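Undergrad: Quick one: the structure is below, questions incoming.
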Amino acid sequence: MDIRNFIYQGSPARIVFGAGALERVAEVVQALDCRHALVLSTPQQAEDAGRLSGALGALSAGVFAKAAMHTPVEITEQALEAMQAAGADCTVAFGGGSTVGLGKAIAYRLDTPQIAIPTTYAGSEATPILGQTQNGEKTTVRDGSILPEAIIYDPELSLGLPYQMTVTSGLNAMAHAAEALYAKDRNPISTLMAVEGLRAFTGALPVLKGAPRDMTARGDALYGAWLCGTVLGSVGMSLHHKLCHVLGGSFDLPHAETHAIILPHAIGFNEAVASEELRPIAEMLGHGSAGAGLYDFARKLGAPVALRDIGMAEADLPRAAMIATRNAYWNPREIDRDQILALLGAAWRGERPQ
Ligand code: NAD
């Protein structure tokens, strides 16, 4: 693609970034002209959400702490009732992609403003995309109302993110940037952001392995999460995201771990036709190839590298390859079902791509 032939659309979201930025949440609620915010979290983060609600004082409409993976519509319906009962006029989602997903699901239905306060690196807060599940089926919608109006990135909130989640979530974020490098609709800004985001993570994650509470590295990782999430929201993703969507949606594999395992294989596969676009990854990881470089990087960090270790049955691989190839979608390299099955087999066994 001619890099000088592009369309660029900047995200309208307001970004408040910095250690201690959480303290500015009341100011951000008021800047959106809101008076009564429902604080959202998972049950696991209910205590922190309660503290946040307390800090909001009269601006809080209470806490709804039932956010769950894959945004089940039944939970969204309960949250809509809570919004109405409390007279809430906006939401503050405190947590990872699951909690941000609930905020988006509410905004999609009520068009109420959202503030996202991410505590993982998944990147959902920076995209106008909502994935939700009903009767066991996951569907995805894209709409302007889904993009949060404001994001508060406070690295202090990720100090307690367990190391294993830090690594898999970081690799999840890096996957957005890696696929953005060869996206059909990429532009010079998305490429700059993707490379900078990858650089932030390749620098921060090895530091966090030895020192998970290192504030500078936490700040760098969250900065990377913002950049990688922003490119996820602005350019199209390909094979890697398709495979992870299938493995998560149809085989219930855990989100971040699945991304971490598939990334070297999907990138290695596409590298056959996009080595020039992927060269920044190979270079920053000090390898001749981006796929092998990502595999060695993940392994060194102690990330899972085999689908068989996260609950995938070998017998299900052909069905996964079938689902992942039955609908056409754009990918830099042509997709063939046998090749995808071979890729999944290598990822299942945890082999190093060439
Ligand atoms: P998650 O939000 O499900 O979080 C996993 C667990 O970790 C939860 O129990 C959560 O409460 C806990 N947790 C989060 N932050 C923590 C912290 N700092 N310390 C301790 N515990 C913490 O996981 P995720 O990987 O952030 O998000 C995955 C979900 O997000 C998936 O459903 C995925 O589809 C969605 N997602 C959507 C988009 C999009 O653009 N629509 C993008 C990325 C991810």
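By order of appearance in the structure tokens: chains A, B, ..., then residues from 1 within every chain, and ligands from 1 in the order shown.
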Can you check which parts of chain A lie within 6 Å of ligand 1? Per residue, the shortest pair of atoms and distance in Å to one decimal, counting only C-alpha atoms and all ligand atoms, sorted by chain and number, as a tab-separated table.

TA:
residue	atom	partner	partner_atom_place_in_ligand_line	distance
A:Thr42	CA	ligand 1	11 (O)	4.9
A:Gln44	CA	ligand 1	11 (O)	4.9
A:Gln45	CA	ligand 1	11 (O)	5.1
A:Met69	CA	ligand 1	32 (O)	4.6
A:His70	CA	ligand 1	32 (O)	3.9
A:Gly95	CA	ligand 1	14 (C)	4.9
A:Gly96	CA	ligand 1	2 (O)	3.2
A:Gly97	CA	ligand 1	30 (O)	3.2
A:Ser98	CA	ligand 1	2 (O)	3.8
A:Thr99	CA	ligand 1	2 (O)	5.7
A:Thr119	CA	ligand 1	18 (N)	4.3
A:Thr120	CA	ligand 1	26 (O)	4.9
A:Ala122	CA	ligand 1	43 (C)	4.5
A:Gly123	CA	ligand 1	43 (C)	5.1
A:Ser124	CA	ligand 1	42 (C)	3.5
A:Thr127	CA	ligand 1	40 (O)	4.9
A:Ile129	CA	ligand 1	41 (N)	4.5
A:Leu130	CA	ligand 1	41 (N)	4.4
A:Gly131	CA	ligand 1	41 (N)	5.4
A:Leu157	CA	ligand 1	18 (N)	5.7
A:Ser158	CA	ligand 1	18 (N)	4.3
A:Gly160	CA	ligand 1	19 (N)	5.0
A:Leu161	CA	ligand 1	19 (N)	3.7
A:Ser169	CA	ligand 1	25 (O)	5.8
A:His255	CA	ligand 1	28 (C)	5.5
A:Ala256	CA	ligand 1	25 (O)	5.0

Undergrad: Would you list the contacts of segment 233-239 of chain A as a PyMOL selection string, taking every protein, DNA or RNA residue within 8 Å and counting only C-alpha atoms, but skipping same-chain residues closer than 6 positions in sequence?

TA: chain A and resi 9+11+126-129+176+179-180+183-186+190+266+329-332

Undergrad: Would you work out the distance separating atom CA of Asp316 of chain A from atom CA of Tyr121 of chain A, expressed in Å to one decimal?

TA: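 Computing it gives 29.0 Å between the two atoms.
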
Undergrad: Just the residues within 8 Å of segment 101-115 of chain A, please, counting only C-alpha atoms, with nothing from its chain fewer than 3 positions along; format it as a PyMOL selection string.

TA: chain A and resi 28-29+32+40+67+70-71+76+79-80+89-93+97-98+124+130-132+143+145-152

Undergrad: Using N, CA and C atoms, can you export the residues from the last selection as a PDB file, in the first residue's frame?

TA:
ATOM      1  N   VAL A  28     -13.484  14.958  35.918  1.00  0.00           N
ATOM      2  CA  VAL A  28     -13.794  14.415  34.590  1.00  0.00           C
ATOM      3  C   VAL A  28     -15.307  14.186  34.445  1.00  0.00           C
ATOM      4  N   VAL A  29     -15.950  13.697  35.502  1.00  0.00           N
ATOM      5  CA  VAL A  29     -17.414  13.507  35.470  1.00  0.00           C
ATOM      6  C   VAL A  29     -18.082  14.863  35.202  1.00  0.00           C
ATOM      7  N   LEU A  32     -17.947  16.345  31.761  1.00  0.00           N
ATOM      8  CA  LEU A  32     -18.880  15.734  30.802  1.00  0.00           C
ATOM      9  C   LEU A  32     -20.312  16.207  31.064  1.00  0.00           C
ATOM     10  N   LEU A  40     -18.848   0.944  37.818  1.00  0.00           N
ATOM     11  CA  LEU A  40     -18.945  -0.462  37.413  1.00  0.00           C
ATOM     12  C   LEU A  40     -17.646  -1.188  37.740  1.00  0.00           C
ATOM     13  N   ALA A  67     -19.861  -7.050  36.603  1.00  0.00           N
ATOM     14  CA  ALA A  67     -19.317  -7.179  35.245  1.00  0.00           C
ATOM     15  C   ALA A  67     -18.678  -8.564  35.088  1.00  0.00           C
ATOM     16  N   HIS A  70     -16.919 -11.407  28.497  1.00  0.00           N
ATOM     17  CA  HIS A  70     -17.731 -11.499  27.273  1.00  0.00           C
ATOM     18  C   HIS A  70     -19.056 -10.725  27.346  1.00  0.00           C
ATOM     19  N   THR A  71     -19.219  -9.844  28.354  1.00  0.00           N
ATOM     20  CA  THR A  71     -20.387  -8.966  28.438  1.00  0.00           C
ATOM     21  C   THR A  71     -21.729  -9.684  28.186  1.00  0.00           C
ATOM     22  N   THR A  76     -26.017  -6.959  31.490  1.00  0.00           N
ATOM     23  CA  THR A  76     -26.256  -5.591  30.994  1.00  0.00           C
ATOM     24  C   THR A  76     -27.666  -5.153  31.370  1.00  0.00           C
ATOM     25  N   ALA A  79     -27.774  -4.128  34.853  1.00  0.00           N
ATOM     26  CA  ALA A  79     -27.087  -2.840  35.028  1.00  0.00           C
ATOM     27  C   ALA A  79     -27.976  -1.681  34.565  1.00  0.00           C
ATOM     28  N   LEU A  80     -28.757  -1.915  33.499  1.00  0.00           N
ATOM     29  CA  LEU A  80     -29.664  -0.863  33.008  1.00  0.00           C
ATOM     30  C   LEU A  80     -30.719  -0.549  34.076  1.00  0.00           C
ATOM     31  N   ASP A  89     -26.619   9.264  35.325  1.00  0.00           N
ATOM     32  CA  ASP A  89     -26.551   9.897  34.000  1.00  0.00           C
ATOM     33  C   ASP A  89     -25.235   9.596  33.272  1.00  0.00           C
ATOM     34  N   CYS A  90     -24.373   8.778  33.872  1.00  0.00           N
ATOM     35  CA  CYS A  90     -23.148   8.346  33.195  1.00  0.00           C
ATOM     36  C   CYS A  90     -22.585   7.139  33.932  1.00  0.00           C
ATOM     37  N   THR A  91     -21.545   6.519  33.358  1.00  0.00           N
ATOM     38  CA  THR A  91     -20.915   5.380  34.028  1.00  0.00           C
ATOM     39  C   THR A  91     -19.421   5.637  34.180  1.00  0.00           C
ATOM     40  N   VAL A  92     -18.869   5.040  35.229  1.00  0.00           N
ATOM     41  CA  VAL A  92     -17.410   5.022  35.416  1.00  0.00           C
ATOM     42  C   VAL A  92     -17.029   3.549  35.505  1.00  0.00           C
ATOM     43  N   ALA A  93     -16.366   3.034  34.462  1.00  0.00           N
ATOM     44  CA  ALA A  93     -15.982   1.613  34.449  1.00  0.00           C
ATOM     45  C   ALA A  93     -14.578   1.480  35.011  1.00  0.00           C
ATOM     46  N   GLY A  97     -10.993  -5.270  30.484  1.00  0.00           N
ATOM     47  CA  GLY A  97     -11.867  -5.256  29.315  1.00  0.00           C
ATOM     48  C   GLY A  97     -13.293  -5.692  29.612  1.00  0.00           C
ATOM     49  N   SER A  98     -13.478  -6.564  30.591  1.00  0.00           N
ATOM     50  CA  SER A  98     -14.838  -7.026  30.906  1.00  0.00           C
ATOM     51  C   SER A  98     -15.678  -5.891  31.480  1.00  0.00           C
ATOM     52  N   SER A 124      -9.636  -2.118  25.399  1.00  0.00           N
ATOM     53  CA  SER A 124     -11.026  -1.948  24.978  1.00  0.00           C
ATOM     54  C   SER A 124     -11.505  -0.505  25.127  1.00  0.00           C
ATOM     55  N   LEU A 130     -17.984  -3.203  20.610  1.00  0.00           N
ATOM     56  CA  LEU A 130     -18.548  -3.922  21.752  1.00  0.00           C
ATOM     57  C   LEU A 130     -18.778  -5.380  21.355  1.00  0.00           C
ATOM     58  N   GLY A 131     -18.200  -6.288  22.152  1.00  0.00           N
ATOM     59  CA  GLY A 131     -18.486  -7.713  21.962  1.00  0.00           C
ATOM     60  C   GLY A 131     -19.397  -8.121  23.109  1.00  0.00           C
ATOM     61  N   GLN A 132     -20.513  -8.788  22.807  1.00  0.00           N
ATOM     62  CA  GLN A 132     -21.426  -9.203  23.879  1.00  0.00           C
ATOM     63  C   GLN A 132     -21.952 -10.599  23.589  1.00  0.00           C
ATOM     64  N   ASP A 143     -20.040   1.168  16.928  1.00  0.00           N
ATOM     65  CA  ASP A 143     -20.932   2.323  16.887  1.00  0.00           C
ATOM     66  C   ASP A 143     -20.259   3.482  17.633  1.00  0.00           C
ATOM     67  N   SER A 145     -21.455   5.540  19.684  1.00  0.00           N
ATOM     68  CA  SER A 145     -21.872   5.668  21.087  1.00  0.00           C
ATOM     69  C   SER A 145     -21.054   4.768  22.008  1.00  0.00           C
ATOM     70  N   ILE A 146     -20.360   3.784  21.439  1.00  0.00           N
ATOM     71  CA  ILE A 146     -19.647   2.775  22.242  1.00  0.00           C
ATOM     72  C   ILE A 146     -18.284   3.282  22.731  1.00  0.00           C
ATOM     73  N   LEU A 147     -17.708   4.231  22.032  1.00  0.00           N
ATOM     74  CA  LEU A 147     -16.384   4.745  22.430  1.00  0.00           C
ATOM     75  C   LEU A 147     -16.504   5.614  23.681  1.00  0.00           C
ATOM     76  N   PRO A 148     -15.787   5.262  24.769  1.00  0.00           N
ATOM     77  CA  PRO A 148     -15.858   6.102  25.966  1.00  0.00           C
ATOM     78  C   PRO A 148     -15.426   7.549  25.684  1.00  0.00           C
ATOM     79  N   GLU A 149     -16.121   8.495  26.328  1.00  0.00           N
ATOM     80  CA  GLU A 149     -15.816   9.914  26.133  1.00  0.00           C
ATOM     81  C   GLU A 149     -14.498  10.297  26.797  1.00  0.00           C
ATOM     82  N   ALA A 150     -14.193   9.624  27.914  1.00  0.00           N
ATOM     83  CA  ALA A 150     -12.963   9.973  28.645  1.00  0.00           C
ATOM     84  C   ALA A 150     -12.316   8.707  29.191  1.00  0.00           C
ATOM     85  N   ILE A 151     -10.981   8.719  29.237  1.00  0.00           N
ATOM     86  CA  ILE A 151     -10.239   7.590  29.807  1.00  0.00           C
ATOM     87  C   ILE A 151      -9.249   8.144  30.821  1.00  0.00           C
ATOM     88  N   ILE A 152      -9.261   7.561  32.000  1.00  0.00           N
ATOM     89  CA  ILE A 152      -8.271   7.937  33.010  1.00  0.00           C
ATOM     90  C   ILE A 152      -7.267   6.786  33.101  1.00  0.00           C
TER      91      ILE A 152
END

Undergrad: When you look at His245 of chain A with a cut-off of 10 Å (counting only C-alpha atoms), what residues show up, excluding the ones that are within fewer than 5 positions of it in the same chain? I need them as a PyMOL selection string.

TA: chain A and resi 131+138+239-240+250-253+255+258-259+324

Undergrad: If you keep C-alpha atoms, can you produce a file of those selected residues as a PDB file, in the first residue's frame?

TA:
ATOM      1  CA  GLY A 131     -18.486  -7.713  21.962  1.00  0.00           C
ATOM      2  CA  LYS A 138     -20.831 -13.741  20.867  1.00  0.00           C
ATOM      3  CA  LEU A 239      -5.920 -13.234  11.105  1.00  0.00           C
ATOM      4  CA  HIS A 240      -4.584 -12.993  14.666  1.00  0.00           C
ATOM      5  CA  SER A 250     -16.506 -20.815  20.477  1.00  0.00           C
ATOM      6  CA  PHE A 251     -14.100 -22.690  22.773  1.00  0.00           C
ATOM      7  CA  ASP A 252     -14.234 -20.461  25.843  1.00  0.00           C
ATOM      8  CA  LEU A 253     -10.463 -20.018  26.068  1.00  0.00           C
ATOM      9  CA  HIS A 255      -8.850 -13.896  26.377  1.00  0.00           C
ATOM     10  CA  THR A 258      -5.087 -16.921  23.958  1.00  0.00           C
ATOM     11  CA  HIS A 259      -3.709 -13.704  22.447  1.00  0.00           C
ATOM     12  CA  ALA A 324     -11.942 -19.307  11.367  1.00  0.00           C
TER      13      ALA A 324
END

Undergrad: From a backbone DSSP assignment, name each residue in segment 147-226 of chain A labelled strand (DSSP E or B), as a list in words.

TA: Ala150, Ile151, Ile152 and Tyr153 of chain A

Undergrad: Could the residues in this selection be written to a file with N, CA and C atoms, as a short mmCIF file (atom, residue, chain, number, x, y, z; two decimals), in the first residue's frame?

TA:
data_model
loop_
_atom_site.label_atom_id
_atom_site.label_comp_id
_atom_site.auth_asym_id
_atom_site.auth_seq_id
_atom_site.Cartn_x
_atom_site.Cartn_y
_atom_site.Cartn_z
N ALA A 150 -14.19 9.62 27.91
CA ALA A 150 -12.96 9.97 28.64
C ALA A 150 -12.32 8.71 29.19
N ILE A 151 -10.98 8.72 29.24
CA ILE A 151 -10.24 7.59 29.81
C ILE A 151 -9.25 8.14 30.82
N ILE A 152 -9.26 7.56 32.00
CA ILE A 152 -8.27 7.94 33.01
C ILE A 152 -7.27 6.79 33.10
N TYR A 153 -6.03 7.05 32.73
CA TYR A 153 -4.97 6.04 32.81
C TYR A 153 -4.09 6.38 34.00
#

Undergrad: My list of candidates is A:Val141, A:Cys34, A:Ala221, A:Ala65. Which is closest to Ala88 of chain A when distances are computed with only C-alpha atoms?

TA: A:Cys34

Undergrad: Neighbours of Leu59 of chain A within 10 Å (only C-alpha atoms; same-chain residues fewer than 4 positions away dropped), as a PyMOL selection string?

TA: chain A and resi 25-26+29-30+34-38+53-55+88

Undergrad: Among segment 99-277 of chain A, which residues does DSSP mark as helix (DSSP H, G or I) when it is run on the backbone? Keep the chain and numbering as in the structure and answer as a VMD selection string.

TA: chain A and resid 99 to 110 124 to 126 144 to 146 155 to 158 163 to 181 188 to 210 215 to 234 239 to 251 255 to 277

Undergrad: As an exercise, work out the distance from atom CA of Leu247 of chain A to atom CA of Ala313 of chain A in Å and give it to one decimal place.

TA: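 Straight-line distance from atom CA of Leu247 of chain A to atom CA of Ala313 of chain A works out to 11.1 Å.
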
Undergrad: One decimal, Å: what's the distance from atom CA of Val273 of chain A over to atom CA of Glu196 of chain A, could you say?

TA: 22.7 Å
